[in-house]
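start14.pdb follows (PDB, C-alpha atoms):
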ATOM      1  CA  MET D   1       0.000   0.000   0.000
ATOM      2  CA  ASN D   2       1.196   3.503  -0.809
ATOM      3  CA  ASP D   3       2.488   5.187   2.354
ATOM      4  CA  LYS D   4       1.324   8.655   1.241
ATOM      5  CA  ARG D   5      -2.438   8.923   0.803
ATOM      6  CA  LEU D   6      -4.552  12.036   0.357
ATOM      7  CA  ILE D   7      -8.294  12.672   0.368
ATOM      8  CA  VAL D   8      -9.093  15.947  -1.393
ATOM      9  CA  ASN D   9     -12.558  16.787  -0.079
ATOM     10  CA  ALA D  10     -14.743  19.706  -1.149
ATOM     11  CA  ASP D  11     -17.193  21.040   1.412
ATOM     12  CA  ASP D  12     -20.540  22.731   0.610
ATOM     13  CA  LEU D  13     -21.798  20.515  -2.217
ATOM     14  CA  GLY D  14     -25.372  21.662  -2.800
ATOM     15  CA  MET D  15     -24.986  25.128  -1.279
ATOM     16  CA  SER D  16     -25.441  26.661  -4.735
ATOM     17  CA  ARG D  17     -25.453  25.496  -8.339
ATOM     18  CA  GLY D  18     -22.168  27.263  -9.023
ATOM     19  CA  ILE D  19     -20.472  25.540  -6.100
ATOM     20  CA  THR D  20     -21.941  22.187  -7.107
ATOM     21  CA  ASP D  21     -20.820  22.544 -10.735
ATOM     22  CA  GLY D  22     -17.358  23.658  -9.645
ATOM     23  CA  ILE D  23     -16.971  20.610  -7.407
ATOM     24  CA  LEU D  24     -18.063  18.170 -10.100
ATOM     25  CA  ILE D  25     -15.774  19.716 -12.717
ATOM     26  CA  ALA D  26     -12.836  19.742 -10.278
ATOM     27  CA  HIS D  27     -13.430  16.034  -9.726
ATOM     28  CA  ARG D  28     -13.769  15.175 -13.398
ATOM     29  CA  TYR D  29     -10.785  17.193 -14.632
ATOM     30  CA  GLY D  30      -8.703  17.682 -11.488
ATOM     31  CA  VAL D  31      -7.483  16.106  -8.281
ATOM     32  CA  LEU D  32     -10.690  16.340  -6.235
ATOM     33  CA  THR D  33     -11.726  12.913  -4.930
ATOM     34  CA  SER D  34     -14.497  13.559  -2.411
ATOM     35  CA  ALA D  35     -17.236  16.024  -1.452
ATOM     36  CA  SER D  36     -19.531  16.680   1.496
ATOM     37  CA  LEU D  37     -23.218  17.280   0.735
ATOM     38  CA  MET D  38     -25.346  19.921   2.448
ATOM     39  CA  VAL D  39     -28.958  18.737   2.384
ATOM     40  CA  ASN D  40     -30.846  21.890   3.410
ATOM     41  CA  MET D  41     -29.529  24.323   0.823
ATOM     42  CA  PRO D  42     -31.125  25.770  -2.343
ATOM     43  CA  ALA D  43     -29.135  23.501  -4.671
ATOM     44  CA  SER D  44     -29.279  20.272  -2.626
ATOM     45  CA  GLU D  45     -31.721  18.561  -5.000
ATOM     46  CA  TYR D  46     -29.731  19.873  -7.973
ATOM     47  CA  ALA D  47     -26.604  18.260  -6.505
ATOM     48  CA  ILE D  48     -28.413  14.932  -6.123
ATOM     49  CA  GLU D  49     -29.440  15.052  -9.786
ATOM     50  CA  ARG D  50     -25.877  15.777 -10.897
ATOM     51  CA  LEU D  51     -24.200  13.022  -8.857
ATOM     52  CA  ALA D  52     -25.021  10.429 -11.506
ATOM     53  CA  SER D  53     -22.357  12.085 -13.668
ATOM     54  CA  ALA D  54     -19.667  11.447 -11.043
ATOM     55  CA  PRO D  55     -19.913   7.798  -9.912
ATOM     56  CA  ARG D  56     -16.334   7.734  -8.550
ATOM     57  CA  LEU D  57     -16.717  10.829  -6.386
ATOM     58  CA  GLY D  58     -16.902   9.951  -2.703
ATOM     59  CA  ILE D  59     -19.929  11.628  -1.109
ATOM     60  CA  GLY D  60     -20.113  12.456   2.571
ATOM     61  CA  ILE D  61     -22.616  14.409   4.625
ATOM     62  CA  HIS D  62     -21.854  18.015   5.597
ATOM     63  CA  LEU D  63     -24.046  18.276   8.685
ATOM     64  CA  ASN D  64     -25.310  21.816   9.011
ATOM     65  CA  ILE D  65     -26.840  23.486  12.063
ATOM     66  CA  CYS D  66     -25.869  27.104  11.436
ATOM     67  CA  GLN D  67     -27.221  28.100   8.014
ATOM     68  CA  GLY D  68     -30.654  27.863   6.449
ATOM     69  CA  ALA D  69     -33.601  25.951   7.901
ATOM     70  CA  PRO D  70     -33.536  22.526   9.567
ATOM     71  CA  VAL D  71     -34.722  19.402   7.782
ATOM     72  CA  LEU D  72     -37.045  18.698  10.697
ATOM     73  CA  PRO D  73     -39.926  21.100  11.372
ATOM     74  CA  ALA D  74     -38.737  24.095  13.365
ATOM     75  CA  HIS D  75     -41.139  23.260  16.203
ATOM     76  CA  ALA D  76     -39.377  19.901  16.612
ATOM     77  CA  VAL D  77     -35.974  21.530  17.229
ATOM     78  CA  PRO D  78     -36.773  24.818  19.019
ATOM     79  CA  SER D  79     -33.376  25.099  20.737
ATOM     80  CA  LEU D  80     -31.612  25.091  17.353
ATOM     81  CA  VAL D  81     -33.591  27.822  15.592
ATOM     82  CA  ASN D  82     -34.336  31.524  15.862
ATOM     83  CA  ALA D  83     -37.677  33.321  15.740
ATOM     84  CA  THR D  84     -37.939  32.892  11.949
ATOM     85  CA  GLY D  85     -37.411  29.123  12.119
ATOM     86  CA  ASP D  86     -33.899  29.202  10.674
ATOM     87  CA  PHE D  87     -30.795  27.915  12.403
ATOM     88  CA  HIS D  88     -28.976  30.363  14.633
ATOM     89  CA  ALA D  89     -26.112  32.102  12.824
ATOM     90  CA  PRO D  90     -22.652  30.499  13.261
ATOM     91  CA  ARG D  91     -21.413  32.831  15.993
ATOM     92  CA  GLU D  92     -24.591  32.408  18.057
ATOM     93  CA  MET D  93     -24.682  28.635  17.543
ATOM     94  CA  LEU D  94     -21.081  28.330  18.706
ATOM     95  CA  ARG D  95     -21.950  30.261  21.842
ATOM     96  CA  LEU D  96     -24.901  27.943  22.534
ATOM     97  CA  LEU D  97     -22.824  24.809  21.977
ATOM     98  CA  TRP D  98     -20.064  26.004  24.306
ATOM     99  CA  ARG D  99     -22.624  26.778  27.012
ATOM    100  CA  TRP D 100     -24.644  23.569  26.525
ATOM    101  CA  GLN D 101     -27.731  25.649  25.731
ATOM    102  CA  VAL D 102     -29.065  23.355  23.010
ATOM    103  CA  ASP D 103     -31.173  20.261  23.483
ATOM    104  CA  LEU D 104     -28.984  17.220  22.779
ATOM    105  CA  GLU D 105     -31.866  15.036  21.619
ATOM    106  CA  GLU D 106     -32.963  17.728  19.172
ATOM    107  CA  LEU D 107     -29.419  17.988  17.869
ATOM    108  CA  GLU D 108     -29.119  14.234  17.360
ATOM    109  CA  SER D 109     -32.524  14.105  15.686
ATOM    110  CA  GLU D 110     -31.598  16.853  13.223
ATOM    111  CA  PHE D 111     -28.265  15.190  12.425
ATOM    112  CA  ARG D 112     -30.077  11.919  11.750
ATOM    113  CA  ALA D 113     -32.739  13.643   9.648
ATOM    114  CA  GLN D 114     -30.069  15.197   7.430
ATOM    115  CA  ILE D 115     -28.333  11.842   6.994
ATOM    116  CA  ARG D 116     -31.625  10.130   6.154
ATOM    117  CA  TRP D 117     -32.496  12.885   3.650
ATOM    118  CA  ALA D 118     -29.415  11.913   1.655
ATOM    119  CA  LYS D 119     -29.862   8.153   2.090
ATOM    120  CA  ILE D 120     -33.487   8.257   0.919
ATOM    121  CA  ARG D 121     -32.271   9.883  -2.296
ATOM    122  CA  GLY D 122     -29.816   7.080  -2.936
ATOM    123  CA  VAL D 123     -26.582   8.614  -1.628
ATOM    124  CA  GLU D 124     -24.118   6.076  -0.232
ATOM    125  CA  ILE D 125     -22.593   8.213   2.488
ATOM    126  CA  SER D 126     -18.843   7.702   2.721
ATOM    127  CA  HIS D 127     -18.205   9.911   5.767
ATOM    128  CA  ALA D 128     -19.469  12.774   7.885
ATOM    129  CA  ASP D 129     -18.196  16.230   8.785
ATOM    130  CA  SER D 130     -19.967  19.489   9.569
ATOM    131  CA  HIS D 131     -20.385  23.073   8.439
ATOM    132  CA  HIS D 132     -17.974  25.306  10.387
ATOM    133  CA  HIS D 133     -16.817  22.162  12.260
ATOM    134  CA  MET D 134     -19.782  22.458  14.638
ATOM    135  CA  HIS D 135     -19.645  18.768  15.571
ATOM    136  CA  ILE D 136     -16.410  19.150  17.550
ATOM    137  CA  TYR D 137     -17.863  21.647  20.036
ATOM    138  CA  PRO D 138     -18.785  20.220  23.455
ATOM    139  CA  ALA D 139     -22.570  19.958  23.291
ATOM    140  CA  ALA D 140     -22.501  18.469  19.770
ATOM    141  CA  LEU D 141     -20.012  15.658  20.410
ATOM    142  CA  LEU D 142     -22.289  12.889  21.653
ATOM    143  CA  PRO D 143     -25.242  13.771  19.380
ATOM    144  CA  PHE D 144     -22.868  13.562  16.409
ATOM    145  CA  ALA D 145     -21.414  10.206  17.507
ATOM    146  CA  ARG D 146     -24.868   8.764  18.293
ATOM    147  CA  ALA D 147     -26.359   9.953  15.004
ATOM    148  CA  LEU D 148     -23.578   8.407  12.942
ATOM    149  CA  ALA D 149     -23.729   5.090  14.770
ATOM    150  CA  ALA D 150     -27.498   4.908  14.477
ATOM    151  CA  GLU D 151     -27.442   5.705  10.749
ATOM    152  CA  GLY D 152     -24.566   3.371   9.876
ATOM    153  CA  VAL D 153     -21.934   5.994   9.043
ATOM    154  CA  PHE D 154     -18.528   4.789  10.225
ATOM    155  CA  ARG D 155     -16.096   7.375   8.880
ATOM    156  CA  ALA D 156     -15.597  11.012   9.832
ATOM    157  CA  ARG D 157     -13.258  13.928   9.304
ATOM    158  CA  ALA D 158     -10.222  13.883  11.580
ATOM    159  CA  SER D 159     -10.486  16.284  14.485
ATOM    160  CA  ARG D 160      -6.686  16.641  14.618
ATOM    161  CA  CYS D 161      -4.969  19.113  12.285
ATOM    162  CA  VAL D 162      -1.486  19.382  10.836
ATOM    163  CA  GLN D 163       0.402  22.031   8.882
ATOM    164  CA  TRP D 164       3.533  21.550   6.780
ATOM    165  CA  ALA D 165       3.502  24.639   4.593
ATOM    166  CA  GLU D 166       5.320  26.753   7.192
ATOM    167  CA  LYS D 167       7.749  26.051   9.981
ATOM    168  CA  ALA D 168       5.880  24.081  12.633
ATOM    169  CA  ALA D 169       5.035  26.037  15.782
ATOM    170  CA  PRO D 170       4.038  24.619  19.183
ATOM    171  CA  GLY D 171       0.301  24.077  19.226
ATOM    172  CA  GLY D 172      -0.097  23.395  15.536
ATOM    173  CA  PRO D 173      -2.069  25.403  12.953
ATOM    174  CA  HIS D 174      -4.490  26.978  15.410
ATOM    175  CA  GLU D 175      -5.181  30.610  16.145
ATOM    176  CA  GLY D 176      -4.188  32.696  19.153
ATOM    177  CA  GLY D 177      -1.306  32.638  21.592
ATOM    178  CA  MET D 178       0.772  29.582  22.376
ATOM    179  CA  ALA D 179      -1.286  28.588  25.432
ATOM    180  CA  ARG D 180      -4.514  28.634  23.446
ATOM    181  CA  ARG D 181      -2.966  26.718  20.549
ATOM    182  CA  LEU D 182      -1.687  24.001  22.878
ATOM    183  CA  ILE D 183      -5.067  23.680  24.559
ATOM    184  CA  VAL D 184      -6.903  23.456  21.223
ATOM    185  CA  GLN D 185      -4.402  20.925  19.914
ATOM    186  CA  ALA D 186      -4.800  18.727  23.012
ATOM    187  CA  TYR D 187      -8.600  19.009  22.898
ATOM    188  CA  ARG D 188      -8.807  18.008  19.247
ATOM    189  CA  ALA D 189      -6.419  15.084  19.734
ATOM    190  CA  SER D 190      -8.426  13.846  22.702
ATOM    191  CA  LEU D 191     -11.601  13.758  20.607
ATOM    192  CA  GLN D 192     -10.042  11.452  18.049
ATOM    193  CA  PHE D 193      -8.962   8.999  20.758
ATOM    194  CA  THR D 194     -12.092   9.132  22.950
ATOM    195  CA  ILE D 195     -15.515  10.228  21.665
ATOM    196  CA  PHE D 196     -14.668   9.491  18.019
ATOM    197  CA  ARG D 197     -12.393   6.512  18.583
ATOM    198  CA  LYS D 198     -14.753   4.061  16.864
ATOM    199  CA  LEU D 199     -14.909   6.187  13.730
ATOM    200  CA  GLU D 200     -12.463   5.606  10.899
ATOM    201  CA  SER D 201     -10.651   8.840  10.058
ATOM    202  CA  PRO D 202      -7.539  10.063   8.251
ATOM    203  CA  ASP D 203      -4.525  10.612  10.486
ATOM    204  CA  ARG D 204      -5.087  14.365  10.370
ATOM    205  CA  ARG D 205      -6.708  17.147   8.392
ATOM    206  CA  ILE D 206      -4.253  19.478   6.667
ATOM    207  CA  SER D 207      -4.919  23.005   7.883
ATOM    208  CA  PHE D 208      -3.645  26.530   7.362
ATOM    209  CA  LEU D 209      -3.645  29.672   9.490
ATOM    210  CA  SER D 210      -6.495  32.077   8.812
ATOM    211  CA  ARG D 211      -4.184  34.827   7.554
ATOM    212  CA  GLY D 212      -3.041  32.457   4.806
ATOM    213  CA  ARG D 213      -6.575  31.389   3.919
ATOM    214  CA  ARG D 214      -7.595  35.008   3.398
ATOM    215  CA  ASN D 215      -4.779  35.683   0.938
ATOM    216  CA  PRO D 216      -5.085  33.684  -2.324
ATOM    217  CA  ARG D 217      -1.374  33.935  -3.113
ATOM    218  CA  GLU D 218      -0.371  32.718   0.335
ATOM    219  CA  LEU D 219      -2.936  29.934   0.230
ATOM    220  CA  GLU D 220      -1.773  28.764  -3.192
ATOM    221  CA  ARG D 221       1.813  28.771  -1.932
ATOM    222  CA  ALA D 222       0.727  26.757   1.114
ATOM    223  CA  TRP D 223      -1.028  24.169  -1.057
ATOM    224  CA  ARG D 224       2.042  23.757  -3.247
ATOM    225  CA  LYS D 225       4.414  23.452  -0.278
ATOM    226  CA  THR D 226       2.098  20.921   1.328
ATOM    227  CA  LEU D 227       2.289  18.644  -1.702
ATOM    228  CA  GLU D 228       6.062  19.009  -1.938
ATOM    229  CA  ARG D 229       6.545  18.264   1.781
ATOM    230  CA  PHE D 230       3.915  15.555   2.026
ATOM    231  CA  ARG D 231       4.590  13.027   4.786
ATOM    232  CA  ARG D 232       3.786   9.368   5.189
ATOM    233  CA  GLY D 233       0.260   8.645   6.317
ATOM    234  CA  THR D 234      -3.324   9.337   5.311
ATOM    235  CA  PHE D 235      -4.513  12.943   5.339
ATOM    236  CA  GLU D 236      -7.401  15.084   4.169
ATOM    237  CA  LEU D 237      -7.137  18.404   2.376
ATOM    238  CA  ALA D 238     -10.502  20.090   2.873
ATOM    239  CA  CYS D 239     -11.302  22.755   0.294
ATOM    240  CA  HIS D 240     -14.140  24.957  -0.966
ATOM    241  CA  PRO D 241     -14.066  25.185  -4.768
ATOM    242  CA  GLY D 242     -16.881  26.745  -6.726
ATOM    243  CA  LEU D 243     -17.884  28.739  -9.778
ATOM    244  CA  PRO D 244     -19.552  32.175  -9.683
ATOM    245  CA  GLU D 245     -23.329  32.230  -9.580
ATOM    246  CA  PRO D 246     -25.287  35.481  -9.996
ATOM    247  CA  GLY D 247     -27.541  36.097  -7.034
ATOM    248  CA  PHE D 248     -25.410  33.993  -4.709
ATOM    249  CA  SER D 249     -21.750  34.844  -5.109
ATOM    250  CA  GLU D 250     -22.304  38.523  -4.337
ATOM    251  CA  THR D 251     -23.063  37.654  -0.701
ATOM    252  CA  ASP D 252     -20.752  34.651  -0.358
ATOM    253  CA  THR D 253     -17.894  35.719   1.930
ATOM    254  CA  ILE D 254     -15.431  33.273   0.332
ATOM    255  CA  ALA D 255     -16.566  33.544  -3.285
ATOM    256  CA  ARG D 256     -13.126  34.691  -4.440
ATOM    257  CA  GLN D 257     -11.407  31.873  -2.579
ATOM    258  CA  ARG D 258     -13.752  29.331  -4.174
ATOM    259  CA  GLU D 259     -12.765  30.471  -7.661
ATOM    260  CA  TYR D 260      -9.061  30.293  -6.869
ATOM    261  CA  GLU D 261      -9.351  26.843  -5.321
ATOM    262  CA  PHE D 262     -11.281  25.594  -8.356
ATOM    263  CA  ARG D 263      -8.454  26.844 -10.554
ATOM    264  CA  TRP D 264      -5.780  25.098  -8.471
ATOM    265  CA  LEU D 265      -7.653  21.800  -8.282
ATOM    266  CA  THR D 266      -7.879  21.664 -12.074
ATOM    267  CA  ASP D 267      -4.320  22.903 -12.698
ATOM    268  CA  HIS D 268      -2.105  20.291 -14.362
ATOM    269  CA  GLU D 269       0.801  21.486 -12.183
ATOM    270  CA  PHE D 270      -1.008  20.349  -9.061
ATOM    271  CA  ARG D 271      -1.679  16.963 -10.633
ATOM    272  CA  ALA D 272       2.000  16.744 -11.546
ATOM    273  CA  ALA D 273       3.024  17.610  -7.972
ATOM    274  CA  VAL D 274       0.817  14.818  -6.635
ATOM    275  CA  GLU D 275       2.379  12.309  -8.998
ATOM    276  CA  ARG D 276       5.936  13.598  -8.517
ATOM    277  CA  ASN D 277       5.717  13.185  -4.761
ATOM    278  CA  GLY D 278       4.209   9.721  -4.846
ATOM    279  CA  ILE D 279       0.865  10.735  -3.352
ATOM    280  CA  GLN D 280      -2.075   8.385  -3.858
ATOM    281  CA  LEU D 281      -5.426  10.131  -4.205
ATOM    282  CA  ILE D 282      -8.176   8.260  -2.370
ATOM    283  CA  THR D 283     -11.698   8.694  -0.972
ATOM    284  CA  TYR D 284     -13.038   7.990   2.498
ATOM    285  CA  ARG D 285     -14.251   4.624   1.216
ATOM    286  CA  ASP D 286     -10.613   3.569   0.890
ATOM    287  CA  LEU D 287      -9.954   4.010   4.620
ATOM    288  CA  CYS D 288     -11.690   0.756   5.399
ATOM    289  CA  GLU D 289     -14.532  -1.340   4.084
ATOM    290  CA  ARG D 290     -17.370  -1.789   6.548
ATOM    291  CA  GLN D 291     -20.902  -2.899   5.894
ATOM    292  CA  PRO D 292     -23.836  -0.897   7.273
ATOM    293  CA  VAL D 293     -25.453  -2.370  10.372
ATOM    294  CA  ARG D 294     -29.111  -2.421  11.198
ATOM    295  CA  GLN D 295     -30.378   0.594  13.035
ATOM    296  CA  SER D 296     -31.325  -1.350  16.167
ATOM    297  CA  ALA D 297     -27.854  -2.857  16.397
ATOM    298  CA  ALA D 298     -26.246   0.549  15.951
ATOM    299  CA  GLN D 299     -28.348   1.951  18.760
ATOM    300  CA  ALA D 300     -27.258  -0.898  21.011
ATOM    301  CA  VAL D 301     -23.606  -0.167  20.238
ATOM    302  CA  VAL D 302     -24.125   3.477  21.180
ATOM    303  CA  GLU D 303     -25.794   2.589  24.454
ATOM    304  CA  ARG D 304     -22.969   0.218  25.420
ATOM    305  CA  ARG D 305     -20.347   2.770  24.420
ATOM    306  CA  LEU D 306     -21.901   5.585  26.462
ATOM    307  CA  SER D 307     -22.869   3.542  29.498
TER     308      SER D 307
END
Can you present the structure in this file as structure tokens?
Amino acid sequence: MNDKRLIVNADDLGMSRGITDGILIAHRYGVLTSASLMVNMPASEYAIERLASAPRLGIGIHLNICQGAPVLPAHAVPSLVNATGDFHAPREMLRLLWRWQVDLEELESEFRAQIRWAKIRGVEISHADSHHHMHIYPAALLPFARALAAEGVFRARASRCVQWAEKAAPGGPHEGGMARRLIVQAYRASLQFTIFRKLESPDRRISFLSRGRRNPRELERAWRKTLERFRRGTFELACHPGLPEPGFSETDTIARQREYEFRWLTDHEFRAAVERNGIQLITYRDLCERQPVRQSAAQAVVERRLS
């Protein structure tokens, strides 16, 4: 087996038609191997229709509790929504998760409803992650783990991060002072070995500091250095490619970044760098092969694990 393996996963499939088209083109003509589907967005059904054209693309679920409306009726998840019936905005939802001010059963139910939405439409879910990484915040941890076990999803994005593009600093590629970075690094590592230990994940997710993500030139340089310095192991490069879409891109805060990332993913130089450095492109399905279990059995596993 190749000792350098990389999952190139695009988040936000289904958020808009432009994003969906960009992801599918980057898979067909570039190095993109995987994508995470949002099921409560304007182009979710459009994405489902287009997936037939990309049978080799790994499809995960991008669980979303901070944008748009829930899949369940708003009255069924009152702690997750605002007065208009939409999810709380990201900043507010993070505050609620940190303070345990959401109902855990409602959270698990919404996670499961989003997974079932995709399964009913024929999607074979390869893995799970979440919009703005909401699933790694304290109140969401057990609902996320329970929902995946109950719905037969056995793979998830790594909670641990790594950065090779720049000189490694204590605490890894996290924001803030050294003390905060060390705390965040320890917290994320603990998740992978405790709450999420039964889930199959890459060794780490490749990450970059926010100042680099905001600057296209710095981000492109970081991507290139990452491929040139790639280490042994299995890693995920999460990305957000997309094409412009009138009526959507004007209010999309990372619209420019999406266009740049689409360009890089379809650039023959990036493909050449992957091949030159002996990197095998894989999907989450290649991590391990496990058969879905019946829902009742999954629930029993969860109860034993949490007892």
Between CA of Gln101 (chain D) and CA of Pro143 (chain D), what is the distance in Å, rounded to a tenth?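 Going from CA of Gln101 (chain D) over to CA of Pro143 (chain D) covers 13.7 Å.
Taking only C-alpha atoms into account, the residues near (-16.8, 10.3, -3.1), no farther than 8 Å, are D:Thr33, D:Ser34, D:Ala35, D:Pro55, D:Arg56, D:Leu57, D:Gly58, D:Ile59, D:Gly60, D:Ser126, D:Thr283, D:Tyr284, D:Arg285.
For the file at hand, the PyMOL selection byres ((chain D and resi 245) around 9) resolves to Ser16, Arg17, Gly18, Ile19, Gly242, Leu243, Pro244, Pro246, Gly247, Phe248, Ser249 and Glu250 of chain D.
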Give me the residues near Arg50 (chain D) as a list in words, where near means some atom within 9 Å (using all atoms listed in the file) and where sequence neighbours in that chain fewer than 5 positions away do not count.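 Result of the neighbour search: Thr20, Asp21, Leu24 and Glu45 of chain D.
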Output C-alpha atoms of each residue in that selection to a file, as an mmCIF file, in the coordinates of the input.
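Full text of result26.cif as output:
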data_model
loop_
_atom_site.group_PDB
_atom_site.id
_atom_site.type_symbol
_atom_site.label_atom_id
_atom_site.label_comp_id
_atom_site.auth_asym_id
_atom_site.auth_seq_id
_atom_site.Cartn_x
_atom_site.Cartn_y
_atom_site.Cartn_z
ATOM 1 C CA THR D 20 -21.941 22.187 -7.107
ATOM 2 C CA ASP D 21 -20.820 22.544 -10.735
ATOM 3 C CA LEU D 24 -18.063 18.170 -10.100
ATOM 4 C CA GLU D 45 -31.721 18.561 -5.000
#
Going by the chain IDs and residue numbers used in this file, which residues fall under the PyMOL selection byres ((chain D and resi 3-12) around 9)? Write them as an NGL selection string. :D and (1-2 or 13-16 or 19-20 or 23 or 31-38 or 58 or 62 or 129-131 or 202 or 230-241 or 277-284)
Translate the PyMOL selection byres ((chain D and resi 112-125) around 8), as applied to the file shown, into an explicit residue set as a VMD selection string. chain D and resid 39 to 40 48 58 to 61 63 71 to 72 108 to 111 126 to 128 147 to 148 150 to 151 153
Residues from last step as file, C-alpha atoms, as a compact mmCIF listing (two decimals), in the coordinates of the input:
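This went into selection07.txt:
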# COMPACT_ATOMS: atom_id res chain seq x y z
CA VAL D 39 -28.96 18.74 2.38
CA ASN D 40 -30.85 21.89 3.41
CA ILE D 48 -28.41 14.93 -6.12
CA GLY D 58 -16.90 9.95 -2.70
CA ILE D 59 -19.93 11.63 -1.11
CA GLY D 60 -20.11 12.46 2.57
CA ILE D 61 -22.62 14.41 4.62
CA LEU D 63 -24.05 18.28 8.68
CA VAL D 71 -34.72 19.40 7.78
CA LEU D 72 -37.04 18.70 10.70
CA GLU D 108 -29.12 14.23 17.36
CA SER D 109 -32.52 14.10 15.69
CA GLU D 110 -31.60 16.85 13.22
CA PHE D 111 -28.26 15.19 12.42
CA SER D 126 -18.84 7.70 2.72
CA HIS D 127 -18.20 9.91 5.77
CA ALA D 128 -19.47 12.77 7.88
CA ALA D 147 -26.36 9.95 15.00
CA LEU D 148 -23.58 8.41 12.94
CA ALA D 150 -27.50 4.91 14.48
CA GLU D 151 -27.44 5.70 10.75
CA VAL D 153 -21.93 5.99 9.04
Point (-7.1, 3.6, 5.7), cut-off 8 Å, counting all atoms listed in the file, residues as a CSV table (one decimal) with C-alpha atoms, in the frame of the given file:
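Final output, out_0.csv:
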chain,number,residue,atom,x,y,z
D,200,GLU,CA,-12.5,5.6,10.9
D,201,SER,CA,-10.7,8.8,10.1
D,202,PRO,CA,-7.5,10.1,8.3
D,234,THR,CA,-3.3,9.3,5.3
D,286,ASP,CA,-10.6,3.6,0.9
D,287,LEU,CA,-10.0,4.0,4.6
D,288,CYS,CA,-11.7,0.8,5.4
How many Å lie between CA of Ala69 (chain D) and CA of Asp86 (chain D), rounded to one decimal? 4.3 Å
Looking at only C-alpha atoms, which of D:Leu51, D:Cys66, D:Leu97, D:Ile254 is the one that sits closest to Gly85 (chain D)? D:Cys66
